[in-house]
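Engineer: You'll find structure.cif just under this line, and it carries mmCIF, C-alpha atoms, pLDDT in the B column; chains and numbers go by the auth columns.
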```
data_input
#
loop_
_atom_site.group_PDB
_atom_site.id
_atom_site.type_symbol
_atom_site.label_atom_id
_atom_site.label_comp_id
_atom_site.label_asym_id
_atom_site.label_seq_id
_atom_site.Cartn_x
_atom_site.Cartn_y
_atom_site.Cartn_z
_atom_site.B_iso_or_equiv
_atom_site.auth_seq_id
_atom_site.auth_asym_id
ATOM 1 C CA MET A 1 5.640 -9.575 49.000 86.00 8 S
ATOM 2 C CA ILE A 2 4.862 -6.688 46.670 94.00 9 S
ATOM 3 C CA PRO A 3 2.801 -3.686 47.830 96.00 10 S
ATOM 4 C CA TRP A 4 -0.847 -3.238 46.866 97.00 11 S
ATOM 5 C CA LEU A 5 -1.662 0.193 45.453 97.00 12 S
ATOM 6 C CA GLU A 6 -4.913 1.997 46.188 95.00 13 S
ATOM 7 C CA ALA A 7 -6.193 4.866 44.055 89.00 14 S
ATOM 8 C CA ASN A 8 -3.981 7.488 45.719 91.00 15 S
ATOM 9 C CA THR A 9 -1.012 5.309 46.679 95.00 16 S
ATOM 10 C CA PRO A 10 2.244 6.465 45.068 96.00 17 S
ATOM 11 C CA PHE A 11 4.513 3.944 43.399 98.00 18 S
ATOM 12 C CA PRO A 12 7.316 2.527 45.523 97.00 19 S
ATOM 13 C CA ASP A 13 10.881 3.240 44.468 97.00 20 S
ATOM 14 C CA VAL A 14 11.892 1.003 41.576 98.00 21 S
ATOM 15 C CA SER A 15 14.797 -0.328 43.654 97.00 22 S
ATOM 16 C CA GLU A 16 12.157 -2.308 45.568 97.00 23 S
ATOM 17 C CA ALA A 17 11.202 -4.405 42.510 97.00 24 S
ATOM 18 C CA LEU A 18 11.622 -8.134 42.926 97.00 25 S
ATOM 19 C CA THR A 19 14.899 -9.691 41.851 95.00 26 S
ATOM 20 C CA THR A 20 13.769 -13.334 42.042 93.00 27 S
ATOM 21 C CA ASP A 21 10.588 -15.283 41.198 92.00 28 S
ATOM 22 C CA ALA A 22 9.205 -12.438 39.051 95.00 29 S
ATOM 23 C CA PRO A 23 12.204 -10.164 38.429 96.00 30 S
ATOM 24 C CA GLY A 24 11.160 -6.562 37.923 97.00 31 S
ATOM 25 C CA LEU A 25 7.703 -6.884 39.514 98.00 32 S
ATOM 26 C CA LEU A 26 7.198 -3.777 41.652 98.00 33 S
ATOM 27 C CA ALA A 27 3.556 -3.478 42.750 98.00 34 S
ATOM 28 C CA ALA A 28 -0.053 -4.446 42.038 98.00 35 S
ATOM 29 C CA GLY A 29 -3.387 -2.684 42.026 97.00 36 S
ATOM 30 C CA ALA A 30 -4.406 0.947 41.447 97.00 37 S
ATOM 31 C CA ASP A 31 -5.908 1.808 38.040 97.00 38 S
ATOM 32 C CA LEU A 32 -5.055 2.533 34.412 96.00 39 S
ATOM 33 C CA SER A 33 -6.138 6.154 34.300 96.00 40 S
ATOM 34 C CA PRO A 34 -4.027 8.423 32.090 95.00 41 S
ATOM 35 C CA GLN A 35 -2.740 10.164 35.211 96.00 42 S
ATOM 36 C CA ARG A 36 -1.574 6.888 36.772 98.00 43 S
ATOM 37 C CA LEU A 37 -0.002 5.733 33.494 98.00 44 S
ATOM 38 C CA LEU A 38 1.902 9.014 33.113 98.00 45 S
ATOM 39 C CA GLN A 39 3.146 8.738 36.690 98.00 46 S
ATOM 40 C CA ALA A 40 4.335 5.218 35.943 98.00 47 S
ATOM 41 C CA TYR A 41 6.164 6.063 32.725 98.00 48 S
ATOM 42 C CA ARG A 42 7.839 9.106 34.251 98.00 49 S
ATOM 43 C CA ASN A 43 9.337 6.759 36.839 98.00 50 S
ATOM 44 C CA GLY A 44 10.373 3.959 34.479 98.00 51 S
ATOM 45 C CA ILE A 45 7.432 1.725 35.388 98.00 52 S
ATOM 46 C CA PHE A 46 4.990 -0.020 33.036 98.00 53 S
ATOM 47 C CA PRO A 47 1.879 -2.212 33.415 97.00 54 S
ATOM 48 C CA TRP A 48 1.875 -5.809 32.216 95.00 55 S
ATOM 49 C CA PHE A 49 -0.563 -8.490 33.310 93.00 56 S
ATOM 50 C CA SER A 50 -2.731 -11.290 31.954 87.00 57 S
ATOM 51 C CA GLU A 51 -6.491 -11.710 31.880 82.00 58 S
ATOM 52 C CA GLY A 52 -7.786 -12.469 35.375 85.00 59 S
ATOM 53 C CA GLN A 53 -4.791 -10.946 37.154 91.00 60 S
ATOM 54 C CA PRO A 54 -4.758 -7.646 39.031 95.00 61 S
ATOM 55 C CA ILE A 55 -2.903 -4.773 37.399 96.00 62 S
ATOM 56 C CA LEU A 56 0.810 -5.562 37.770 97.00 63 S
ATOM 57 C CA TRP A 57 3.487 -2.862 37.577 98.00 64 S
ATOM 58 C CA TRP A 58 7.041 -3.595 36.484 98.00 65 S
ATOM 59 C CA SER A 59 10.479 -1.992 36.358 98.00 66 S
ATOM 60 C CA THR A 60 12.851 -4.489 34.785 97.00 67 S
ATOM 61 C CA ASP A 61 16.605 -4.607 35.296 97.00 68 S
ATOM 62 C CA PRO A 62 18.258 -4.756 32.839 97.00 69 S
ATOM 63 C CA ARG A 63 15.992 -2.723 30.575 97.00 70 S
ATOM 64 C CA MET A 64 15.667 -3.476 26.854 97.00 71 S
ATOM 65 C CA VAL A 65 16.076 -0.317 24.757 98.00 72 S
ATOM 66 C CA LEU A 66 16.539 0.614 21.131 98.00 73 S
ATOM 67 C CA TYR A 67 18.836 3.538 20.395 98.00 74 S
ATOM 68 C CA THR A 68 17.346 5.268 17.391 97.00 75 S
ATOM 69 C CA ASP A 69 20.727 5.481 15.632 96.00 76 S
ATOM 70 C CA ARG A 70 21.257 1.712 15.989 96.00 77 S
ATOM 71 C CA PHE A 71 18.072 0.427 14.367 96.00 78 S
ATOM 72 C CA LYS A 72 18.990 -2.542 12.171 95.00 79 S
ATOM 73 C CA VAL A 73 17.393 -2.897 8.756 93.00 80 S
ATOM 74 C CA SER A 74 17.869 -6.071 6.746 92.00 81 S
ATOM 75 C CA ASP A 75 18.429 -5.923 3.001 93.00 82 S
ATOM 76 C CA SER A 76 14.941 -7.283 2.388 93.00 83 S
ATOM 77 C CA LEU A 77 13.379 -4.641 4.641 94.00 84 S
ATOM 78 C CA LYS A 78 15.359 -1.910 2.869 94.00 85 S
ATOM 79 C CA LYS A 79 13.868 -3.096 -0.397 94.00 86 S
ATOM 80 C CA THR A 80 10.374 -3.009 1.090 95.00 87 S
ATOM 81 C CA LEU A 81 10.907 0.466 2.517 95.00 88 S
ATOM 82 C CA ARG A 82 12.040 1.807 -0.857 94.00 89 S
ATOM 83 C CA LYS A 83 8.927 0.336 -2.501 94.00 90 S
ATOM 84 C CA ILE A 84 6.627 1.856 0.109 94.00 91 S
ATOM 85 C CA GLU A 85 8.336 5.232 -0.055 92.00 92 S
ATOM 86 C CA ARG A 86 7.898 5.293 -3.847 93.00 93 S
ATOM 87 C CA SER A 87 4.242 4.426 -3.354 93.00 94 S
ATOM 88 C CA ARG A 88 3.832 7.271 -0.852 89.00 95 S
ATOM 89 C CA VAL A 89 5.391 9.774 -3.242 88.00 96 S
ATOM 90 C CA GLU A 90 3.555 8.542 -6.338 92.00 97 S
ATOM 91 C CA GLY A 91 0.146 7.993 -4.764 92.00 98 S
ATOM 92 C CA GLY A 92 0.338 4.213 -4.921 95.00 99 S
ATOM 93 C CA PRO A 93 -1.430 1.598 -2.796 97.00 100 S
ATOM 94 C CA TRP A 94 0.918 1.864 0.221 96.00 101 S
ATOM 95 C CA VAL A 95 0.381 4.662 2.750 95.00 102 S
ATOM 96 C CA VAL A 96 2.077 5.348 6.087 96.00 103 S
ATOM 97 C CA ARG A 97 0.362 7.550 8.661 97.00 104 S
ATOM 98 C CA PHE A 98 0.719 8.595 12.281 98.00 105 S
ATOM 99 C CA ASP A 99 -2.203 8.852 14.700 98.00 106 S
ATOM 100 C CA SER A 100 -5.046 8.353 12.213 98.00 107 S
ATOM 101 C CA ALA A 101 -6.305 5.067 13.722 98.00 108 S
ATOM 102 C CA PHE A 102 -4.817 4.745 17.195 98.00 109 S
ATOM 103 C CA GLU A 103 -7.506 2.548 18.734 98.00 110 S
ATOM 104 C CA SER A 104 -7.591 0.315 15.653 98.00 111 S
ATOM 105 C CA VAL A 105 -3.848 -0.264 16.011 98.00 112 S
ATOM 106 C CA MET A 106 -4.290 -1.192 19.664 97.00 113 S
ATOM 107 C CA ARG A 107 -7.082 -3.621 18.869 97.00 114 S
ATOM 108 C CA ALA A 108 -5.045 -5.198 16.083 96.00 115 S
ATOM 109 C CA CYS A 109 -2.153 -5.631 18.521 95.00 116 S
ATOM 110 C CA ALA A 110 -4.558 -7.299 20.959 93.00 117 S
ATOM 111 C CA ALA A 111 -5.945 -9.767 18.396 90.00 118 S
ATOM 112 C CA PRO A 112 -4.969 -13.469 18.460 82.00 119 S
ATOM 113 C CA ARG A 113 -1.710 -14.265 16.708 72.00 120 S
ATOM 114 C CA LYS A 114 -1.123 -17.125 14.291 68.00 121 S
ATOM 115 C CA ASP A 115 1.196 -18.801 16.795 60.00 122 S
ATOM 116 C CA GLY A 116 -0.869 -18.215 19.921 56.00 123 S
ATOM 117 C CA PRO A 117 -3.704 -16.430 21.706 54.00 124 S
ATOM 118 C CA GLY A 118 -4.277 -12.700 21.940 56.00 125 S
ATOM 119 C CA THR A 119 -1.944 -10.453 23.867 66.00 126 S
ATOM 120 C CA TRP A 120 -2.339 -8.970 27.326 80.00 127 S
ATOM 121 C CA ILE A 121 -4.008 -5.846 25.855 92.00 128 S
ATOM 122 C CA SER A 122 -7.422 -5.824 27.548 91.00 129 S
ATOM 123 C CA GLU A 123 -10.330 -3.404 27.228 93.00 130 S
ATOM 124 C CA ASP A 124 -9.068 -1.607 30.336 93.00 131 S
ATOM 125 C CA ILE A 125 -5.647 -1.218 28.718 95.00 132 S
ATOM 126 C CA ILE A 126 -7.258 0.097 25.534 96.00 133 S
ATOM 127 C CA ASP A 127 -9.323 2.604 27.526 96.00 134 S
ATOM 128 C CA GLY A 128 -6.270 3.831 29.435 96.00 135 S
ATOM 129 C CA TYR A 129 -4.057 4.322 26.402 98.00 136 S
ATOM 130 C CA THR A 130 -6.731 5.852 24.215 98.00 137 S
ATOM 131 C CA GLY A 131 -7.116 8.342 27.054 97.00 138 S
ATOM 132 C CA LEU A 132 -3.395 9.077 26.794 98.00 139 S
ATOM 133 C CA HIS A 133 -3.803 9.435 23.029 98.00 140 S
ATOM 134 C CA ARG A 134 -6.535 12.025 23.458 98.00 141 S
ATOM 135 C CA LEU A 135 -4.198 13.957 25.765 98.00 142 S
ATOM 136 C CA GLY A 136 -1.431 13.840 23.146 98.00 143 S
ATOM 137 C CA TYR A 137 0.887 11.382 24.906 98.00 144 S
ATOM 138 C CA ALA A 138 0.190 8.121 23.043 98.00 145 S
ATOM 139 C CA HIS A 139 0.848 7.719 19.326 98.00 146 S
ATOM 140 C CA SER A 140 0.508 5.154 16.557 98.00 147 S
ATOM 141 C CA ALA A 141 2.410 4.482 13.348 98.00 148 S
ATOM 142 C CA GLU A 142 0.219 2.817 10.724 98.00 149 S
ATOM 143 C CA VAL A 143 0.846 1.003 7.450 98.00 150 S
ATOM 144 C CA TRP A 144 -2.059 0.923 4.984 97.00 151 S
ATOM 145 C CA LEU A 145 -2.402 -1.102 1.784 97.00 152 S
ATOM 146 C CA ASP A 146 -5.277 -0.315 -0.592 97.00 153 S
ATOM 147 C CA GLY A 147 -7.078 1.437 2.248 96.00 154 S
ATOM 148 C CA GLU A 148 -6.703 -1.443 4.707 98.00 155 S
ATOM 149 C CA LEU A 149 -4.699 -1.217 7.930 98.00 156 S
ATOM 150 C CA VAL A 150 -2.081 -3.982 7.570 98.00 157 S
ATOM 151 C CA GLY A 151 0.541 -3.085 10.165 98.00 158 S
ATOM 152 C CA GLY A 152 1.303 -0.742 12.981 98.00 159 S
ATOM 153 C CA ALA A 153 2.950 0.097 16.265 98.00 160 S
ATOM 154 C CA TYR A 154 1.993 2.264 19.218 98.00 161 S
ATOM 155 C CA GLY A 155 3.556 3.715 22.326 98.00 162 S
ATOM 156 C CA VAL A 156 3.830 6.651 24.703 98.00 163 S
ATOM 157 C CA CYS A 157 5.947 9.772 24.266 98.00 164 S
ATOM 158 C CA ILE A 158 6.833 12.124 27.122 98.00 165 S
ATOM 159 C CA GLY A 159 9.212 14.922 26.216 98.00 166 S
ATOM 160 C CA ARG A 160 11.899 13.265 24.113 98.00 167 S
ATOM 161 C CA MET A 161 11.388 9.774 25.575 98.00 168 S
ATOM 162 C CA PHE A 162 9.389 7.169 23.668 98.00 169 S
ATOM 163 C CA TYR A 163 8.063 3.984 25.274 98.00 170 S
ATOM 164 C CA GLY A 164 7.199 1.288 22.769 97.00 171 S
ATOM 165 C CA GLU A 165 4.227 -0.892 23.647 96.00 172 S
ATOM 166 C CA SER A 166 3.255 -3.299 20.858 95.00 173 S
ATOM 167 C CA MET A 167 3.272 -3.940 17.106 95.00 174 S
ATOM 168 C CA PHE A 168 1.245 -6.024 14.679 95.00 175 S
ATOM 169 C CA ALA A 169 1.439 -7.139 11.052 96.00 176 S
ATOM 170 C CA ARG A 170 -1.177 -8.555 8.711 96.00 177 S
ATOM 171 C CA VAL A 171 1.230 -8.721 5.778 96.00 178 S
ATOM 172 C CA SER A 172 4.912 -9.580 5.825 93.00 179 S
ATOM 173 C CA ASP A 173 7.188 -6.984 7.472 94.00 180 S
ATOM 174 C CA ALA A 174 4.376 -4.454 8.005 97.00 181 S
ATOM 175 C CA SER A 175 5.176 -4.050 11.707 96.00 182 S
ATOM 176 C CA LYS A 176 8.856 -3.500 10.888 96.00 183 S
ATOM 177 C CA VAL A 177 7.893 -0.889 8.309 96.00 184 S
ATOM 178 C CA ALA A 178 5.809 0.953 10.903 97.00 185 S
ATOM 179 C CA LEU A 179 8.721 0.801 13.335 97.00 186 S
ATOM 180 C CA ALA A 180 11.201 2.014 10.704 96.00 187 S
ATOM 181 C CA TYR A 181 9.131 5.114 9.961 97.00 188 S
ATOM 182 C CA LEU A 182 8.554 5.698 13.673 97.00 189 S
ATOM 183 C CA VAL A 183 12.258 5.383 14.541 97.00 190 S
ATOM 184 C CA ALA A 184 13.217 7.740 11.702 96.00 191 S
ATOM 185 C CA PHE A 185 10.711 10.306 12.902 97.00 192 S
ATOM 186 C CA LEU A 186 11.847 10.039 16.518 97.00 193 S
ATOM 187 C CA ARG A 187 15.507 10.286 15.580 96.00 194 S
ATOM 188 C CA SER A 188 14.861 13.393 13.470 95.00 195 S
ATOM 189 C CA HIS A 189 13.236 15.007 16.526 97.00 196 S
ATOM 190 C CA GLY A 190 16.063 14.291 18.929 97.00 197 S
ATOM 191 C CA VAL A 191 14.670 11.154 20.564 98.00 198 S
ATOM 192 C CA ARG A 192 17.709 8.973 21.185 98.00 199 S
ATOM 193 C CA MET A 193 16.142 6.034 22.999 98.00 200 S
ATOM 194 C CA LEU A 194 13.036 3.902 22.530 98.00 201 S
ATOM 195 C CA ASP A 195 12.087 1.845 25.571 98.00 202 S
ATOM 196 C CA CYS A 196 11.326 -1.787 24.677 97.00 203 S
ATOM 197 C CA GLN A 197 10.764 -2.883 28.296 91.00 204 S
ATOM 198 C CA GLN A 198 11.622 -6.585 28.051 85.00 205 S
ATOM 199 C CA GLU A 199 14.260 -8.560 26.198 88.00 206 S
ATOM 200 C CA THR A 200 13.223 -10.673 23.211 87.00 207 S
ATOM 201 C CA GLY A 201 15.112 -12.158 20.288 90.00 208 S
ATOM 202 C CA HIS A 202 12.922 -10.259 17.823 88.00 209 S
ATOM 203 C CA LEU A 203 13.789 -6.907 19.380 91.00 210 S
ATOM 204 C CA ALA A 204 17.462 -7.832 19.523 94.00 211 S
ATOM 205 C CA SER A 205 17.383 -8.597 15.789 94.00 212 S
ATOM 206 C CA LEU A 206 16.250 -5.010 15.203 94.00 213 S
ATOM 207 C CA GLY A 207 19.132 -3.565 17.207 96.00 214 S
ATOM 208 C CA ALA A 208 17.677 -3.350 20.697 97.00 215 S
ATOM 209 C CA CYS A 209 19.932 -4.173 23.634 97.00 216 S
ATOM 210 C CA PRO A 210 19.649 -4.512 27.419 97.00 217 S
ATOM 211 C CA ILE A 211 21.136 -1.777 29.614 98.00 218 S
ATOM 212 C CA PRO A 212 21.271 -1.434 33.413 98.00 219 S
ATOM 213 C CA ARG A 213 18.128 0.075 34.875 98.00 220 S
ATOM 214 C CA LYS A 214 20.128 2.869 36.498 98.00 221 S
ATOM 215 C CA ASP A 215 21.409 3.951 33.067 98.00 222 S
ATOM 216 C CA PHE A 216 17.900 3.797 31.630 98.00 223 S
ATOM 217 C CA LEU A 217 16.530 5.918 34.473 98.00 224 S
ATOM 218 C CA ALA A 218 19.337 8.475 34.152 98.00 225 S
ATOM 219 C CA HIS A 219 18.471 8.962 30.472 98.00 226 S
ATOM 220 C CA LEU A 220 14.741 8.969 31.208 98.00 227 S
ATOM 221 C CA ARG A 221 14.940 11.709 33.849 98.00 228 S
ATOM 222 C CA GLN A 222 16.592 14.066 31.380 98.00 229 S
ATOM 223 C CA ALA A 223 14.548 13.124 28.295 98.00 230 S
ATOM 224 C CA ILE A 224 11.134 13.662 29.898 98.00 231 S
ATOM 225 C CA THR A 225 12.043 17.251 30.784 98.00 232 S
ATOM 226 C CA GLU A 226 12.650 18.193 27.155 98.00 233 S
ATOM 227 C CA PRO A 227 9.919 19.861 25.052 97.00 234 S
ATOM 228 C CA ALA A 228 7.217 17.607 23.651 96.00 235 S
ATOM 229 C CA ILE A 229 7.103 16.918 19.913 97.00 236 S
ATOM 230 C CA GLU A 230 4.402 19.201 18.560 94.00 237 S
ATOM 231 C CA ARG A 231 3.647 17.741 15.124 95.00 238 S
ATOM 232 C CA TRP A 232 3.658 14.046 14.279 96.00 239 S
ATOM 233 C CA GLU A 233 4.158 13.988 10.524 93.00 240 S
ATOM 234 C CA VAL A 234 5.451 11.058 8.473 92.00 241 S
ATOM 235 C CA ALA A 235 8.817 11.573 6.779 83.00 242 S
ATOM 236 C CA PRO A 236 10.924 9.132 4.729 83.00 243 S
ATOM 237 C CA PRO A 237 12.734 6.516 6.805 84.00 244 S
ATOM 238 C CA LEU A 238 16.443 7.236 7.212 67.00 245 S
ATOM 239 C CA THR A 239 17.300 3.752 5.975 60.00 246 S
ATOM 240 C CA THR A 240 16.162 4.223 2.382 53.00 247 S
#
```
What do you get writing this file as structure tokens?

Structural biologist:
Amino acid sequence: MIPWLEANTPFPDVSEALTTDAPGLLAAGADLSPQRLLQAYRNGIFPWFSEGQPILWWSTDPRMVLYTDRFKVSDSLKKTLRKIERSRVEGGPWVVRFDSAFESVMRACAAPRKDGPGTWISEDIIDGYTGLHRLGYAHSAEVWLDGELVGGAYGVCIGRMFYGESMFARVSDASKVALAYLVAFLRSHGVRMLDCQQETGHLASLGACPIPRKDFLAHLRQAITEPAIERWEVAPPLTT
């Protein structure tokens, strides 16, 4: 039985998360205010729930992470990145930006996918994370083609710890392009780890790997104490 959180109830210790039935499930309830979300992320906890469910809080073990110096780029993606970087320099149709359309990125991530329904990103989730964005904790990487938003990724950054949340693509590889620019930026600012939360084959193909939760938390506790990144400015990806 997991605990129910009221507005002022602190999170239980992550060691109390379930290990069977729903491994990693820690608690339910509370709210998605920026303050609650920051408390969660600082303790290695994240929300994930479906329409009609209460807010569910998770701390998975093992934890899927992407070390920023281990990001894998296929030959085809390298070619795409070179093309987009030339376009950025020469004023062509491709543009990469950070934080110019945060809510639009979230809503695109929430939209139905070709192979299934929409994601778990509800209006309450959008409200909570746009609140974090206004406070300077949530950020988006965006890929634009001829003035249209065609790909992106968003997540939360506390100190030198980045928590990836979701990505989307409307043209081939656009989400990977957004991630490549984001990873390059984070790496150049001393962010060594990007939290991916849960293990998937797609993330593994990009270089992510599972690590024990205790190792993730040890890194997290140090990274969140480091100074926040002050300016989010797009730079060339390190893979070009």

Engineer: Interatomic distance between CA of Glu149 in chain S and CA of Ala185 in chain S?

Structural biologist: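 Interatomic distance here is 5.9 Å.
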
Engineer: Nearest residue to Asp76 in chain S out of S:Trp64, S:Trp239, S:Phe223, S:Phe192, using all atoms listed in the file?

Structural biologist: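 Distance minimum relative to Asp76 in chain S lands on S:Phe192.
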
Engineer: Give me, as a PyMOL selection string, all polymer residues having an atom no more than 10 Å from Glu13 in chain S, counting only C-alpha atoms and skipping those fewer than 5 positions away in the same chain.

Structural biologist: chain S and resi 35-38

Engineer: With a distance cut-off of 12 Å and all atoms listed in the file, select the neighbouring residues of Asp134 in chain S, excluding the residue or stretch itself and same-chain residues fewer than 2 positions from it, and output the selection as a list of chain:residue names.

Structural biologist: S:Asp38, S:Leu39, S:Ser40, S:Pro41, S:Leu44, S:Phe109, S:Glu110, S:Met113, S:Arg114, S:Ile128, S:Ser129, S:Glu130, S:Asp131, S:Ile132, S:Tyr136, S:Thr137, S:Gly138, S:Leu139, S:His140, S:Arg141, S:Ala145

Engineer: Export, as a tab-separated table (two decimals), keeping the file's coordinate frame, the selected residues with C-alpha atoms.

Structural biologist:
```
chain	number	residue	atom	x	y	z
S	38	ASP	CA	-5.91	1.81	38.04
S	39	LEU	CA	-5.06	2.53	34.41
S	40	SER	CA	-6.14	6.15	34.30
S	41	PRO	CA	-4.03	8.42	32.09
S	44	LEU	CA	0.00	5.73	33.49
S	109	PHE	CA	-4.82	4.74	17.20
S	110	GLU	CA	-7.51	2.55	18.73
S	113	MET	CA	-4.29	-1.19	19.66
S	114	ARG	CA	-7.08	-3.62	18.87
S	128	ILE	CA	-4.01	-5.85	25.86
S	129	SER	CA	-7.42	-5.82	27.55
S	130	GLU	CA	-10.33	-3.40	27.23
S	131	ASP	CA	-9.07	-1.61	30.34
S	132	ILE	CA	-5.65	-1.22	28.72
S	136	TYR	CA	-4.06	4.32	26.40
S	137	THR	CA	-6.73	5.85	24.22
S	138	GLY	CA	-7.12	8.34	27.05
S	139	LEU	CA	-3.40	9.08	26.79
S	140	HIS	CA	-3.80	9.44	23.03
S	141	ARG	CA	-6.54	12.02	23.46
S	145	ALA	CA	0.19	8.12	23.04
```

Engineer: Can you work out which one of S:Ala14, S:Val72, S:Val102, S:Ala29 has the shortest atom-to-atom distance to Gln204 in chain S, counting only C-alpha atoms?

Structural biologist: S:Val72

Engineer: Of the residues S:Ala148, S:Leu33, S:Cys203, S:Ile165, which is the one nearest to Gln229 in chain S, using only C-alpha atoms?

Structural biologist: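 Using only C-alpha atoms, the shortest distance to Gln229 in chain S belongs to S:Ile165.
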
Engineer: So how far away is CA of Leu84 in chain S from CA of Gly158 in chain S, in Å?

Structural biologist: 14.1 Å

Engineer: Which residue out of S:Ala117, S:Val178, S:Ile9, S:Leu156 has the minimum interatomic distance to Asp28 in chain S when all atoms listed in the file are used?

Structural biologist: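 Comparing S:Ala117, S:Val178, S:Ile9, S:Leu156 against Asp28 in chain S, the winner is S:Ile9.
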
Engineer: I need the residue nearest Ile62 in chain S from this list: S:Trp101, S:Phe169, S:Tyr74, S:Trp127. Use all atoms listed in the file for the distance.

Structural biologist: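 That would be S:Trp127, the residue with the smallest distance to Ile62 in chain S.
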
Engineer: Find the spatial neighbours of Pro100 in chain S, counting all atoms listed in the file, within a cut-off of 12 Å - ignore same-chain residues fewer than 2 positions away - and output them as a VMD selection string.

Structural biologist: chain S and resid 90 to 98 102 to 103 150 to 157

Engineer: Which residue out of S:Phe175, S:Phe78, S:Phe56, S:Tyr144 has the minimum interatomic distance to Ser212 in chain S when only C-alpha atoms are used?

Structural biologist: S:Phe78

Engineer: Quick one: distance from CA of Met174 in chain S to CA of Tyr161 in chain S in Å, one decimal?

Structural biologist: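 Atom-to-atom, CA of Met174 in chain S to CA of Tyr161 in chain S, that is 6.7 Å.
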
Engineer: Compile the contact shell of Leu189 in chain S as an mmCIF file with C-alpha atoms, in the frame of the given file: residues with an atom at most 12 Å away, counting only C-alpha atoms, same-chain residues fewer than 2 positions apart removed.

Structural biologist:
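So around.cif came out as:
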```
data_model
loop_
_atom_site.group_PDB
_atom_site.id
_atom_site.type_symbol
_atom_site.label_atom_id
_atom_site.label_comp_id
_atom_site.auth_asym_id
_atom_site.auth_seq_id
_atom_site.Cartn_x
_atom_site.Cartn_y
_atom_site.Cartn_z
ATOM 1 C CA THR S 75 17.346 5.268 17.391
ATOM 2 C CA PHE S 78 18.072 0.427 14.367
ATOM 3 C CA VAL S 103 2.077 5.348 6.087
ATOM 4 C CA ARG S 104 0.362 7.550 8.661
ATOM 5 C CA PHE S 105 0.719 8.595 12.281
ATOM 6 C CA ASP S 106 -2.203 8.852 14.700
ATOM 7 C CA HIS S 146 0.848 7.719 19.326
ATOM 8 C CA SER S 147 0.508 5.154 16.557
ATOM 9 C CA ALA S 148 2.410 4.482 13.348
ATOM 10 C CA GLU S 149 0.219 2.817 10.724
ATOM 11 C CA VAL S 150 0.846 1.003 7.450
ATOM 12 C CA GLY S 159 1.303 -0.742 12.981
ATOM 13 C CA ALA S 160 2.950 0.097 16.265
ATOM 14 C CA TYR S 161 1.993 2.264 19.218
ATOM 15 C CA GLY S 162 3.556 3.715 22.326
ATOM 16 C CA CYS S 164 5.947 9.772 24.266
ATOM 17 C CA PHE S 169 9.389 7.169 23.668
ATOM 18 C CA TYR S 170 8.063 3.984 25.274
ATOM 19 C CA GLY S 171 7.199 1.288 22.769
ATOM 20 C CA MET S 174 3.272 -3.940 17.106
ATOM 21 C CA SER S 182 5.176 -4.050 11.707
ATOM 22 C CA LYS S 183 8.856 -3.500 10.888
ATOM 23 C CA VAL S 184 7.893 -0.889 8.309
ATOM 24 C CA ALA S 185 5.809 0.953 10.903
ATOM 25 C CA LEU S 186 8.721 0.801 13.335
ATOM 26 C CA ALA S 187 11.201 2.014 10.704
ATOM 27 C CA ALA S 191 13.217 7.740 11.702
ATOM 28 C CA PHE S 192 10.711 10.306 12.902
ATOM 29 C CA LEU S 193 11.847 10.039 16.518
ATOM 30 C CA ARG S 194 15.507 10.286 15.580
ATOM 31 C CA SER S 195 14.861 13.393 13.470
ATOM 32 C CA HIS S 196 13.236 15.007 16.526
ATOM 33 C CA VAL S 198 14.670 11.154 20.564
ATOM 34 C CA LEU S 201 13.036 3.902 22.530
ATOM 35 C CA TRP S 239 3.658 14.046 14.279
ATOM 36 C CA GLU S 240 4.158 13.988 10.524
ATOM 37 C CA VAL S 241 5.451 11.058 8.473
ATOM 38 C CA ALA S 242 8.817 11.573 6.779
ATOM 39 C CA PRO S 243 10.924 9.132 4.729
ATOM 40 C CA PRO S 244 12.734 6.516 6.805
ATOM 41 C CA LEU S 245 16.443 7.236 7.212
ATOM 42 C CA THR S 246 17.300 3.752 5.975
#
```

Engineer: Would you mind exporting range 69-90 of chain S with C-alpha atoms, as a PDB file, in the first residue's frame?

Structural biologist:
```pdb
ATOM      1  CA  PRO S  69      17.494   1.043 -11.683  1.00  0.00           C
ATOM      2  CA  ARG S  70      17.339   4.549 -13.125  1.00  0.00           C
ATOM      3  CA  MET S  71      17.809   5.215 -16.847  1.00  0.00           C
ATOM      4  CA  VAL S  72      20.344   8.000 -17.449  1.00  0.00           C
ATOM      5  CA  LEU S  73      22.267   9.479 -20.337  1.00  0.00           C
ATOM      6  CA  TYR S  74      25.814  10.613 -19.630  1.00  0.00           C
ATOM      7  CA  THR S  75      26.361  13.651 -21.801  1.00  0.00           C
ATOM      8  CA  ASP S  76      29.742  12.372 -23.023  1.00  0.00           C
ATOM      9  CA  ARG S  77      28.187   9.073 -24.169  1.00  0.00           C
ATOM     10  CA  PHE S  78      25.439  10.377 -26.443  1.00  0.00           C
ATOM     11  CA  LYS S  79      25.361   8.195 -29.559  1.00  0.00           C
ATOM     12  CA  VAL S  80      24.903   9.811 -32.953  1.00  0.00           C
ATOM     13  CA  SER S  81      24.308   7.672 -36.021  1.00  0.00           C
ATOM     14  CA  ASP S  82      25.954   8.529 -39.324  1.00  0.00           C
ATOM     15  CA  SER S  83      22.620   9.663 -40.735  1.00  0.00           C
ATOM     16  CA  LEU S  84      21.995  11.948 -37.754  1.00  0.00           C
ATOM     17  CA  LYS S  85      25.496  13.410 -38.097  1.00  0.00           C
ATOM     18  CA  LYS S  86      24.666  14.285 -41.680  1.00  0.00           C
ATOM     19  CA  THR S  87      21.423  15.937 -40.596  1.00  0.00           C
ATOM     20  CA  LEU S  88      23.163  17.891 -37.849  1.00  0.00           C
ATOM     21  CA  ARG S  89      25.761  19.229 -40.285  1.00  0.00           C
ATOM     22  CA  LYS S  90      22.985  20.356 -42.647  1.00  0.00           C
TER      23      LYS S  90
END
```
